[in-house]
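Undergrad: Pasting run.csv below, which is CSV, C-alpha atoms.
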```csv
chain,number,residue,atom,x,y,z
R,30,MET,CA,174.2,183.7,58.3
R,31,LYS,CA,172.1,180.8,57.0
R,32,LYS,CA,170.3,180.6,60.4
R,33,HIS,CA,169.3,184.3,60.1
R,34,LEU,CA,168.0,183.8,56.6
R,35,ILE,CA,165.9,180.7,57.7
R,36,ALA,CA,164.5,182.7,60.6
R,37,ALA,CA,163.6,185.6,58.4
R,38,ALA,CA,161.9,183.3,55.9
R,39,VAL,CA,159.9,181.6,58.7
R,40,ALA,CA,158.9,185.0,60.1
R,41,ALA,CA,157.7,186.2,56.7
R,42,ALA,CA,155.7,183.0,56.2
R,43,VAL,CA,154.0,183.5,59.6
R,44,ALA,CA,153.4,187.2,59.0
R,45,VAL,CA,151.3,186.7,55.8
R,46,PRO,CA,148.3,185.1,57.4
R,47,ALA,CA,148.7,187.5,60.4
R,48,MET,CA,148.2,190.5,58.1
R,49,ALA,CA,145.4,189.0,56.1
R,50,GLN,CA,142.7,188.3,58.7
R,51,ASN,CA,140.9,185.7,56.7
R,52,VAL,CA,142.7,183.5,54.2
R,53,THR,CA,140.8,180.6,52.5
R,54,PHE,CA,142.1,177.8,50.3
R,55,TYR,CA,139.3,176.5,48.0
R,56,GLY,CA,138.8,174.4,44.9
R,57,LEU,CA,136.8,172.0,42.8
R,58,LEU,CA,137.7,168.7,41.2
R,59,ASP,CA,135.6,167.2,38.4
R,60,ALA,CA,136.6,163.7,37.2
R,61,GLY,CA,134.7,161.1,35.2
R,62,TYR,CA,134.2,159.4,31.9
R,63,GLY,CA,132.8,160.9,28.7
R,64,THR,CA,132.3,160.5,25.0
R,65,ILE,CA,132.3,163.2,22.3
R,66,GLU,CA,131.9,162.8,18.6
R,67,ARG,CA,131.7,165.0,15.5
R,68,GLU,CA,129.8,164.5,12.3
R,69,THR,CA,130.4,166.6,9.2
R,70,ALA,CA,127.9,166.4,6.4
R,71,GLY,CA,126.3,163.3,8.1
R,72,VAL,CA,129.6,161.4,8.2
R,73,LYS,CA,131.3,160.7,11.6
R,74,VAL,CA,134.8,162.2,11.3
R,75,ALA,CA,136.0,161.9,14.9
R,76,LYS,CA,135.2,160.3,18.2
R,77,LYS,CA,136.8,160.1,21.6
R,78,SER,CA,135.9,158.2,24.8
R,79,ALA,CA,138.1,158.6,27.8
R,80,VAL,CA,138.4,159.1,31.5
R,81,GLY,CA,139.1,162.8,31.9
R,82,PHE,CA,138.7,166.0,33.9
R,83,SER,CA,136.4,169.0,33.8
R,84,SER,CA,133.8,167.5,31.4
R,85,ASN,CA,131.1,169.4,33.4
R,86,SER,CA,132.7,171.8,35.8
R,87,SER,CA,136.2,173.3,35.4
R,88,SER,CA,138.6,171.8,38.0
R,89,ARG,CA,140.4,174.5,39.8
R,90,TRP,CA,142.0,175.6,43.1
R,91,GLY,CA,142.3,179.1,44.6
R,92,ILE,CA,143.5,181.2,47.5
R,93,SER,CA,141.6,184.2,48.7
R,94,GLY,CA,142.0,186.5,51.7
R,95,THR,CA,140.6,189.7,53.2
R,96,GLU,CA,141.9,192.3,55.6
R,97,ASP,CA,140.0,194.9,57.6
R,98,LEU,CA,141.7,198.2,57.1
R,99,GLY,CA,139.4,200.0,59.5
R,100,GLY,CA,136.6,202.6,59.0
R,101,GLY,CA,134.7,200.1,56.9
R,102,LEU,CA,137.5,199.8,54.3
R,103,LYS,CA,138.6,196.2,53.3
R,104,ALA,CA,141.3,194.8,51.1
R,105,SER,CA,141.1,191.4,49.5
R,106,PHE,CA,142.9,189.2,47.0
R,107,THR,CA,142.2,186.2,44.8
R,108,VAL,CA,144.5,183.8,42.9
R,109,GLU,CA,142.6,181.1,41.1
R,110,THR,CA,144.3,178.4,38.9
R,111,GLY,CA,142.9,175.6,36.7
R,112,ILE,CA,144.0,172.1,37.9
R,113,SER,CA,146.2,170.6,35.2
R,114,THR,CA,143.9,171.6,32.4
R,115,ASN,CA,142.8,174.9,30.9
R,116,MET,CA,139.4,176.3,31.9
R,117,ARG,CA,136.5,174.9,29.9
R,118,SER,CA,138.8,172.1,28.5
R,119,GLY,CA,136.1,169.4,28.4
R,120,LEU,CA,137.5,166.4,26.6
R,121,GLU,CA,139.5,168.3,24.0
R,122,LYS,CA,140.6,171.9,23.4
R,123,ASN,CA,142.7,173.7,20.9
R,124,PRO,CA,146.3,172.5,21.6
R,125,GLN,CA,147.8,175.8,20.5
R,126,ASN,CA,149.0,178.4,23.0
R,127,ALA,CA,147.1,181.6,22.3
R,128,ASN,CA,147.7,184.9,24.2
R,129,GLY,CA,149.9,183.1,26.8
R,130,THR,CA,147.1,180.8,27.9
R,131,ASN,CA,147.6,177.0,27.9
R,132,ASN,CA,144.7,175.4,26.1
R,133,GLY,CA,144.7,171.9,27.7
R,134,ASN,CA,143.3,168.5,27.0
R,135,GLY,CA,140.9,167.1,29.6
R,136,THR,CA,142.4,163.6,29.4
R,137,THR,CA,145.9,164.6,30.2
R,138,LEU,CA,147.8,166.5,32.9
R,139,ASP,CA,149.0,169.6,31.3
R,140,ASN,CA,151.2,172.3,32.7
R,141,ALA,CA,149.3,174.8,34.9
R,142,VAL,CA,149.8,178.5,35.0
R,143,VAL,CA,149.2,180.0,38.5
R,144,GLY,CA,146.4,182.6,38.3
R,145,ASP,CA,145.2,181.6,34.8
R,146,ARG,CA,141.6,181.8,36.0
R,147,GLY,CA,142.0,185.0,38.0
R,148,ILE,CA,144.6,187.0,39.9
R,149,PHE,CA,143.5,190.3,41.3
R,150,ALA,CA,143.3,192.6,44.4
R,151,THR,CA,140.2,194.5,45.5
R,152,LEU,CA,139.5,197.5,47.7
R,153,SER,CA,136.0,197.5,49.2
R,154,PHE,CA,134.6,200.8,50.5
R,155,PRO,CA,131.8,201.3,53.0
R,156,THR,CA,129.9,203.2,50.3
R,157,GLY,CA,129.3,199.9,48.5
R,158,THR,CA,132.1,200.5,46.0
R,159,ASP,CA,134.5,197.8,45.0
R,160,VAL,CA,137.7,198.6,43.0
R,161,ARG,CA,139.3,195.5,41.5
R,162,VAL,CA,142.7,195.6,39.7
R,163,GLY,CA,144.2,192.5,37.9
R,164,PHE,CA,143.1,189.6,35.7
R,165,GLY,CA,139.6,188.1,36.3
R,166,SER,CA,136.2,187.3,35.1
R,167,THR,CA,134.1,190.0,33.5
R,168,PRO,CA,130.3,190.5,33.7
R,169,ILE,CA,130.0,189.0,30.2
R,170,ARG,CA,131.3,185.7,31.5
R,171,ASP,CA,129.5,186.0,34.9
R,172,PHE,CA,126.1,186.5,33.2
R,173,THR,CA,126.7,183.8,30.6
R,174,ILE,CA,127.2,181.3,33.4
R,175,ALA,CA,124.7,182.7,36.0
R,176,TYR,CA,121.7,182.6,33.5
R,177,ASP,CA,122.5,179.1,32.1
R,178,ALA,CA,120.2,176.4,33.5
R,179,MET,CA,123.2,174.0,33.3
R,180,ALA,CA,125.2,176.3,35.6
R,181,GLY,CA,127.9,177.0,33.0
R,182,SER,CA,128.6,173.3,32.1
R,183,ASN,CA,131.5,172.6,29.8
R,184,MET,CA,129.3,170.3,27.8
R,185,VAL,CA,128.1,171.1,24.3
R,186,GLY,CA,124.5,172.2,23.9
R,187,ASN,CA,124.4,175.9,24.8
R,188,VAL,CA,125.5,178.0,21.8
R,189,LEU,CA,126.5,180.9,24.1
R,190,ASN,CA,128.2,178.8,26.7
R,191,ASN,CA,130.2,176.9,24.1
R,192,ASP,CA,131.6,180.2,22.7
R,193,SER,CA,134.8,181.3,24.6
R,194,GLN,CA,134.0,184.9,23.7
R,195,PHE,CA,131.2,184.7,26.3
R,196,SER,CA,132.0,181.9,28.7
R,197,SER,CA,135.8,182.4,29.1
R,198,ASN,CA,135.7,186.2,29.0
R,199,ARG,CA,138.4,187.4,31.3
R,200,ARG,CA,140.4,190.6,31.1
R,201,THR,CA,143.3,192.3,32.8
R,202,GLY,CA,142.4,195.8,33.9
R,203,ILE,CA,140.5,197.9,36.4
R,204,GLN,CA,136.9,197.1,37.3
R,205,VAL,CA,134.7,199.3,39.5
R,206,SER,CA,131.4,198.0,40.9
R,207,GLN,CA,128.9,200.2,42.8
R,208,THR,CA,125.8,199.1,44.8
R,209,LEU,CA,123.2,201.7,43.7
R,210,VAL,CA,120.2,200.5,45.7
R,211,LYS,CA,119.2,197.3,47.4
R,212,GLY,CA,119.8,194.5,44.8
R,213,LEU,CA,121.0,196.8,42.0
R,214,LYS,CA,124.7,197.0,41.1
R,215,GLY,CA,126.5,198.7,38.3
R,216,THR,CA,129.9,197.8,37.0
R,217,VAL,CA,132.3,199.5,34.6
R,218,GLY,CA,135.8,198.4,33.6
R,219,ILE,CA,138.7,199.2,31.3
R,220,SER,CA,141.6,197.2,30.0
R,221,LYS,CA,144.7,198.7,28.4
R,222,ASN,CA,147.7,197.1,26.7
R,223,ASP,CA,149.9,199.7,25.1
R,224,ASP,CA,152.8,197.7,23.7
R,225,ALA,CA,153.2,199.2,20.2
R,226,ASN,CA,156.5,198.9,18.3
R,227,LEU,CA,157.2,202.6,17.7
R,228,GLY,CA,159.7,201.7,15.0
R,229,SER,CA,157.0,200.5,12.7
R,230,SER,CA,154.3,202.8,11.4
R,231,ASN,CA,152.1,199.9,10.5
R,232,ASP,CA,152.2,198.2,13.9
R,233,LYS,CA,148.8,198.2,15.6
R,234,SER,CA,149.6,196.1,18.7
R,235,ALA,CA,148.9,199.2,20.9
R,236,LYS,CA,145.3,198.3,20.7
R,237,ALA,CA,145.6,194.6,21.5
R,238,GLN,CA,143.1,193.6,24.2
R,239,SER,CA,142.2,197.2,25.0
R,240,GLY,CA,138.7,198.4,25.7
R,241,TYR,CA,135.9,198.9,28.1
R,242,ILE,CA,132.9,197.1,29.7
R,243,ALA,CA,129.7,198.2,31.4
R,244,ALA,CA,127.1,196.1,33.2
R,245,LEU,CA,124.0,196.4,35.3
R,246,GLN,CA,122.5,193.6,37.4
R,247,TYR,CA,119.5,193.4,39.7
R,248,ALA,CA,119.3,190.4,42.1
R,249,ASP,CA,116.8,190.4,45.0
R,250,GLY,CA,114.6,187.5,46.1
R,251,PRO,CA,113.6,185.1,43.4
R,252,LEU,CA,114.4,187.5,40.5
R,253,SER,CA,117.7,188.2,38.9
R,254,ILE,CA,118.4,190.1,35.7
R,255,GLY,CA,121.5,191.4,34.1
R,256,ALA,CA,122.9,193.1,31.0
R,257,ALA,CA,126.5,193.7,30.0
R,258,TYR,CA,128.2,195.2,27.0
R,259,GLN,CA,131.9,195.0,26.1
R,260,ASP,CA,133.9,196.8,23.4
R,261,VAL,CA,137.5,195.5,22.9
R,262,LYS,CA,140.2,196.2,20.3
R,263,GLN,CA,141.9,192.9,19.7
R,264,LYS,CA,144.9,191.6,17.8
R,265,ASN,CA,145.5,187.9,17.2
R,266,GLU,CA,147.9,186.0,14.9
R,267,ALA,CA,146.6,183.3,12.6
R,268,LEU,CA,146.5,179.8,14.0
R,269,SER,CA,146.5,176.5,12.1
R,270,ILE,CA,144.6,174.2,14.4
R,271,GLY,CA,144.5,171.1,12.3
R,272,ASN,CA,141.8,168.4,12.5
R,273,TYR,CA,141.2,168.3,16.2
R,274,LEU,CA,137.9,167.3,17.8
R,275,THR,CA,136.7,170.4,19.8
R,276,ALA,CA,133.7,170.9,22.0
R,277,GLY,CA,134.2,174.6,22.4
R,278,SER,CA,133.8,177.6,20.2
R,279,SER,CA,135.3,176.0,17.1
R,280,LEU,CA,132.0,175.3,15.4
R,281,VAL,CA,133.1,177.1,12.2
R,282,ALA,CA,133.3,176.1,8.6
R,283,SER,CA,137.1,175.9,8.6
R,284,GLU,CA,139.5,174.4,11.2
R,285,ALA,CA,141.9,177.4,10.6
R,286,VAL,CA,141.7,180.6,12.7
R,287,ALA,CA,142.5,183.6,10.6
R,288,ALA,CA,144.5,186.6,11.8
R,289,PHE,CA,142.4,189.2,13.4
R,290,ASP,CA,143.1,192.9,14.0
R,291,GLY,CA,140.1,194.9,14.8
R,292,LYS,CA,137.2,195.4,17.2
R,293,VAL,CA,135.0,192.8,19.0
R,294,LYS,CA,131.7,194.0,20.5
R,295,THR,CA,129.9,191.6,22.9
R,296,THR,CA,126.5,191.9,24.5
R,297,VAL,CA,124.8,189.5,27.0
R,298,ILE,CA,121.3,189.9,28.5
R,299,GLY,CA,119.9,187.3,30.9
R,300,GLY,CA,117.6,186.6,33.7
R,301,SER,CA,116.3,183.9,36.1
R,302,TYR,CA,113.3,183.5,38.3
R,303,ASN,CA,113.0,181.0,41.2
R,304,PHE,CA,109.4,179.8,41.4
R,305,GLY,CA,110.3,177.6,44.4
R,306,VAL,CA,109.4,174.3,42.8
R,307,ALA,CA,111.6,175.1,39.8
R,308,GLN,CA,113.9,177.9,38.5
R,309,ALA,CA,113.6,179.3,34.9
R,310,PHE,CA,116.5,180.8,32.9
R,311,LEU,CA,116.7,183.0,29.8
R,312,GLN,CA,119.7,184.6,28.1
R,313,TYR,CA,120.6,186.3,24.9
R,314,GLY,CA,124.1,187.1,23.5
R,315,LYS,CA,125.6,188.7,20.5
R,316,LYS,CA,129.1,189.4,19.2
R,317,GLU,CA,130.1,191.6,16.3
R,318,LEU,CA,133.6,191.5,14.7
R,319,ASP,CA,135.2,194.2,12.6
R,320,ASN,CA,138.4,192.9,11.2
R,321,ASP,CA,140.8,195.6,9.8
R,322,LEU,CA,142.7,192.9,7.9
R,323,GLU,CA,139.9,192.0,5.5
R,324,ALA,CA,136.8,193.5,4.0
R,325,ILE,CA,133.7,192.5,6.0
R,326,ALA,CA,130.3,193.6,4.8
R,327,LYS,CA,127.9,195.1,7.3
R,328,GLY,CA,126.4,192.4,9.5
R,329,GLU,CA,128.7,189.7,8.0
R,330,GLY,CA,130.9,189.4,11.1
R,331,GLU,CA,128.0,188.7,13.5
R,332,ALA,CA,126.7,185.8,15.6
R,333,ASP,CA,123.9,185.8,18.1
R,334,ALA,CA,122.0,183.2,20.1
R,335,MET,CA,119.4,182.8,22.8
R,336,SER,CA,119.0,180.0,25.4
R,337,VAL,CA,116.1,179.0,27.6
R,338,GLY,CA,116.2,176.5,30.4
R,339,LEU,CA,114.8,175.0,33.6
R,340,ARG,CA,116.3,173.6,36.8
R,341,LEU,CA,114.1,171.3,38.9
R,342,PRO,CA,115.3,170.3,42.4
R,343,LEU,CA,113.8,167.0,43.7
R,344,GLY,CA,115.4,166.5,47.1
R,345,ALA,CA,119.0,165.3,46.5
R,346,ILE,CA,118.4,165.1,42.8
R,347,THR,CA,118.4,168.1,40.5
R,348,LEU,CA,117.2,167.9,36.9
R,349,MET,CA,118.4,170.4,34.3
R,350,GLY,CA,117.7,171.1,30.7
R,351,GLN,CA,118.1,173.9,28.2
R,352,TYR,CA,117.7,174.7,24.5
R,353,SER,CA,119.6,177.3,22.5
R,354,ASP,CA,119.2,178.7,19.0
R,355,GLY,CA,121.0,181.4,16.9
R,356,LYS,CA,122.5,182.7,13.7
R,357,ASN,CA,126.2,182.5,12.9
R,358,LYS,CA,127.4,184.7,10.0
R,359,LEU,CA,131.0,184.1,11.2
R,360,ALA,CA,130.7,180.5,10.0
R,361,ALA,CA,129.5,181.6,6.5
R,362,ALA,CA,131.7,181.0,3.5
R,363,ALA,CA,134.1,183.9,2.8
R,364,GLY,CA,132.6,186.7,0.8
R,365,THR,CA,129.0,185.6,1.2
R,366,THR,CA,126.1,187.0,3.1
R,367,GLU,CA,124.7,183.7,4.2
R,368,SER,CA,123.7,183.2,7.9
R,369,ARG,CA,124.0,179.7,9.2
R,370,ASN,CA,121.6,178.5,11.9
R,371,VAL,CA,123.3,177.0,15.0
R,372,SER,CA,121.3,175.2,17.7
R,373,GLY,CA,121.8,172.9,20.6
R,374,TYR,CA,120.3,171.3,23.7
R,375,SER,CA,121.6,169.7,26.9
R,376,LEU,CA,119.9,167.5,29.5
R,377,GLY,CA,121.3,166.4,32.8
R,378,ALA,CA,120.8,165.3,36.4
R,379,SER,CA,122.9,165.6,39.5
R,380,TYR,CA,122.8,163.8,42.8
R,381,ALA,CA,124.1,165.4,45.9
R,382,PHE,CA,125.8,163.0,48.3
R,383,SER,CA,126.6,166.0,50.5
R,384,LYS,CA,127.0,169.7,50.3
R,385,ARG,CA,130.5,169.2,48.8
R,386,THR,CA,130.2,166.0,46.7
R,387,SER,CA,127.8,165.2,43.9
R,388,ALA,CA,127.5,162.9,40.8
R,389,TYR,CA,126.2,164.0,37.4
R,390,LEU,CA,125.1,162.5,34.1
R,391,ILE,CA,124.8,165.0,31.2
R,392,THR,CA,124.2,164.7,27.5
R,393,GLY,CA,124.0,167.3,24.8
R,394,GLU,CA,124.3,168.2,21.1
R,395,THR,CA,125.2,171.3,19.1
R,396,LYS,CA,124.6,171.6,15.4
R,397,LEU,CA,125.7,174.1,12.8
R,398,ASP,CA,123.5,173.9,9.7
R,399,LYS,CA,124.8,173.6,6.2
R,400,GLY,CA,123.8,177.0,5.1
R,401,THR,CA,123.2,178.1,1.5
R,402,HIS,CA,126.7,178.1,0.0
R,403,ALA,CA,127.8,175.1,-2.0
R,404,ASP,CA,131.0,174.6,0.0
R,405,ALA,CA,129.3,174.8,3.4
R,406,LYS,CA,128.8,171.5,5.4
R,407,GLU,CA,126.7,170.7,8.4
R,408,ASP,CA,128.7,170.1,11.6
R,409,LYS,CA,127.3,168.3,14.6
R,410,TYR,CA,128.9,167.6,18.0
R,411,SER,CA,127.4,165.2,20.5
R,412,GLN,CA,128.7,164.6,24.0
R,413,THR,CA,127.8,162.5,27.1
R,414,ALA,CA,129.6,162.5,30.4
R,415,LEU,CA,129.3,160.8,33.8
R,416,GLY,CA,131.4,162.1,36.7
R,417,ILE,CA,131.9,163.2,40.3
R,418,VAL,CA,132.4,166.7,41.5
R,419,HIS,CA,133.9,167.5,44.8
R,420,THR,CA,134.4,171.0,46.2
R,421,PHE,CA,136.8,171.9,49.0
```
Could you rewrite the structure in this file as structure tokens?

TA:
Amino acid sequence: MKKHLIAAAVAAAVAVPAMAQNVTFYGLLDAGYGTIERETAGVKVAKKSAVGFSSNSSSRWGISGTEDLGGGLKASFTVETGISTNMRSGLEKNPQNANGTNNGNGTTLDNAVVGDRGIFATLSFPTGTDVRVGFGSTPIRDFTIAYDAMAGSNMVGNVLNNDSQFSSNRRTGIQVSQTLVKGLKGTVGISKNDDANLGSSNDKSAKAQSGYIAALQYADGPLSIGAAYQDVKQKNEALSIGNYLTAGSSLVASEAVAAFDGKVKTTVIGGSYNFGVAQAFLQYGKKELDNDLEAIAKGEGEADAMSVGLRLPLGAITLMGQYSDGKNKLAAAAGTTESRNVSGYSLGASYAFSKRTSAYLITGETKLDKGTHADAKEDKYSQTALGIVHTF
């Protein structure tokens, strides 16, 4: 009996690559040394220097495969997982577990969840239509990274890229993309999570993480432009983070994250042009929050920012730089209408030893101004990292 079971298991293992005509194992590992520090009201309140992972690029591995179904129809799958640390972990990240996602620490080996970066299946039709079902990156995230001169670096410096609402925007749902004409593609998607407790008339969890997204992108030759809009009903419990040093989206006046039950609207518009000697990047993003749990005046729950940058290839060396600036009413003192300015910059250089291996040196800073309220304080994050990236 055991021999038959072993034989069946071996046959099943052999049959998988036989059905999928093309299966690829891929990944990226970023390891190096970095320093990040935080100043509040001009006083250094935290600093960390350590050997860590993913200071620039998020370390990950993945498996993808395609199968030709005939008649121009193809099926494919992707399962992508962060290596030991959560995506966009940098040197530090919120240690709480939110929405089932492990927020790791770039200096430790944390538990990994298979598929935490993406797990989905896709049908591709000969008409240029792709239908994707599962969990994966949205156009909001894709455009935030594609139109960043620093190529979506985990470093501080880009106000949009440091905000997880933009750079870590992944959803579970159905996404349909259609090639309209050469270089022009439209995308629409929906996500739905109906898990309401029908025994409670006040329960609103049916609208948790439910919504839609629409995007349009043109990419042909040296020019690429894209725009995406997302409208999501969201429900999150309050989190008490504590005094942790964070390089991500926690550039707010308070370390606590309040409970949220409402709607989040996100918009990203960006573009790039390759002049040959250099490539220029421009992006703009805005998010609007409407929290049903508390009164928010019109415009109070908003934040927006723009970023402009340049990438200059010089043989094996590539120089990169960008500057971003915006307004953050989410970081305003409660009950006020102040709008605090947030700005940042990042500069870096990479050296390609080969097509797969490169070294980088990047530095950056993000600053949230004091604002007009008496209780508000200036927050500034500075980060520098040196590392090696190997793709496989």

Undergrad: For a quick check of understanding, using only C-alpha atoms, which of R:Thr295, R:Thr156, R:Ser220, R:Thr395 has the smallest distance to Ser196 of chain R?

TA: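 Ranked by minimum distance to Ser196 of chain R, first place goes to R:Thr295.
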
Undergrad: Just the number, please: distance in Å from atom CA of Asn198 of chain R to atom CA of Ile242 of chain R, one decimal.

TA: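 Taking atom CA of Asn198 of chain R and atom CA of Ile242 of chain R, their separation equals 11.3 Å.
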
Undergrad: Could you state the separation of atom CA of Asp398 of chain R and atom CA of Ala70 of chain R in Å, given to one decimal place?

TA: 9.3 Å

Undergrad: Would you mind listing, for every residue of segment 367-398 of chain R within 10 Å of segment 175-195 of chain R, the two atoms forming the shortest contact and the distance between them in Å to one decimal, using all atoms listed in the file, sorted by chain and ascending residue number, as JSON lines?

TA:
```
{"residue": "R:Val371", "atom": "CA", "partner": "R:Val188", "partner_atom": "CA", "distance": 7.2}
{"residue": "R:Ser372", "atom": "CA", "partner": "R:Val188", "partner_atom": "CA", "distance": 6.5}
{"residue": "R:Gly373", "atom": "CA", "partner": "R:Gly186", "partner_atom": "CA", "distance": 4.3}
{"residue": "R:Tyr374", "atom": "CA", "partner": "R:Gly186", "partner_atom": "CA", "distance": 4.3}
{"residue": "R:Ser375", "atom": "CA", "partner": "R:Gly186", "partner_atom": "CA", "distance": 4.9}
{"residue": "R:Leu376", "atom": "CA", "partner": "R:Met179", "partner_atom": "CA", "distance": 8.2}
{"residue": "R:Gly377", "atom": "CA", "partner": "R:Met179", "partner_atom": "CA", "distance": 7.8}
{"residue": "R:Ala378", "atom": "CA", "partner": "R:Met179", "partner_atom": "CA", "distance": 9.5}
{"residue": "R:Ile391", "atom": "CA", "partner": "R:Met184", "partner_atom": "CA", "distance": 7.7}
{"residue": "R:Thr392", "atom": "CA", "partner": "R:Met184", "partner_atom": "CA", "distance": 7.6}
{"residue": "R:Gly393", "atom": "CA", "partner": "R:Gly186", "partner_atom": "CA", "distance": 5.0}
{"residue": "R:Glu394", "atom": "CA", "partner": "R:Gly186", "partner_atom": "CA", "distance": 4.9}
{"residue": "R:Thr395", "atom": "CA", "partner": "R:Gly186", "partner_atom": "CA", "distance": 4.9}
{"residue": "R:Lys396", "atom": "CA", "partner": "R:Gly186", "partner_atom": "CA", "distance": 8.5}
{"residue": "R:Leu397", "atom": "CA", "partner": "R:Val188", "partner_atom": "CA", "distance": 9.8}
```

Undergrad: Might you pull out every residue within 6 Å of segment 49-55 of chain R, with only C-alpha atoms counted and same-chain residues fewer than 3 positions away left off, and present them as a PyMOL selection string?

TA: chain R and resi 46+90-96+421

Undergrad: Choose the residue, out of R:Ser411, R:Ser166, R:Gln351, R:Asn85, that has the smallest atom-to-atom separation from Ser379 of chain R; count only C-alpha atoms.

TA: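 Closest residue, counting only C-alpha atoms: R:Asn85.
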
Undergrad: Report, in Å to a single decimal, how far apart atom CA of Gly291 of chain R and atom CA of Gly218 of chain R are.

TA: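 Distance between the two atoms: 19.6 Å.
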
Undergrad: Excluding same-chain residues fewer than 3 positions from segment 298-312 of chain R, what lies within 9 Å of it counting all atoms listed in the file, as a ChimeraX atom specification?

TA: /R:169,172-173,175-178,189,250-258,334-343,351

Undergrad: Would you write out those residues with C-alpha atoms, as a CSV table (one decimal), keeping the file's coordinate frame?

TA:
```
chain,number,residue,atom,x,y,z
R,169,ILE,CA,130.0,189.0,30.2
R,172,PHE,CA,126.1,186.5,33.2
R,173,THR,CA,126.7,183.8,30.6
R,175,ALA,CA,124.7,182.7,36.0
R,176,TYR,CA,121.7,182.6,33.5
R,177,ASP,CA,122.5,179.1,32.1
R,178,ALA,CA,120.2,176.4,33.5
R,189,LEU,CA,126.5,180.9,24.1
R,250,GLY,CA,114.6,187.5,46.1
R,251,PRO,CA,113.6,185.1,43.4
R,252,LEU,CA,114.4,187.5,40.5
R,253,SER,CA,117.7,188.2,38.9
R,254,ILE,CA,118.4,190.1,35.7
R,255,GLY,CA,121.5,191.4,34.1
R,256,ALA,CA,122.9,193.1,31.0
R,257,ALA,CA,126.5,193.7,30.0
R,258,TYR,CA,128.2,195.2,27.0
R,334,ALA,CA,122.0,183.2,20.1
R,335,MET,CA,119.4,182.8,22.8
R,336,SER,CA,119.0,180.0,25.4
R,337,VAL,CA,116.1,179.0,27.6
R,338,GLY,CA,116.2,176.5,30.4
R,339,LEU,CA,114.8,175.0,33.6
R,340,ARG,CA,116.3,173.6,36.8
R,341,LEU,CA,114.1,171.3,38.9
R,342,PRO,CA,115.3,170.3,42.4
R,343,LEU,CA,113.8,167.0,43.7
R,351,GLN,CA,118.1,173.9,28.2
```

Undergrad: Name the closest residue to Phe382 of chain R among the candidates R:Arg369, R:Ala345, R:Glu331, R:Val142; distances are taken between atoms, counting only C-alpha atoms.

TA: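 So, comparing all the options, the nearest one is R:Ala345.
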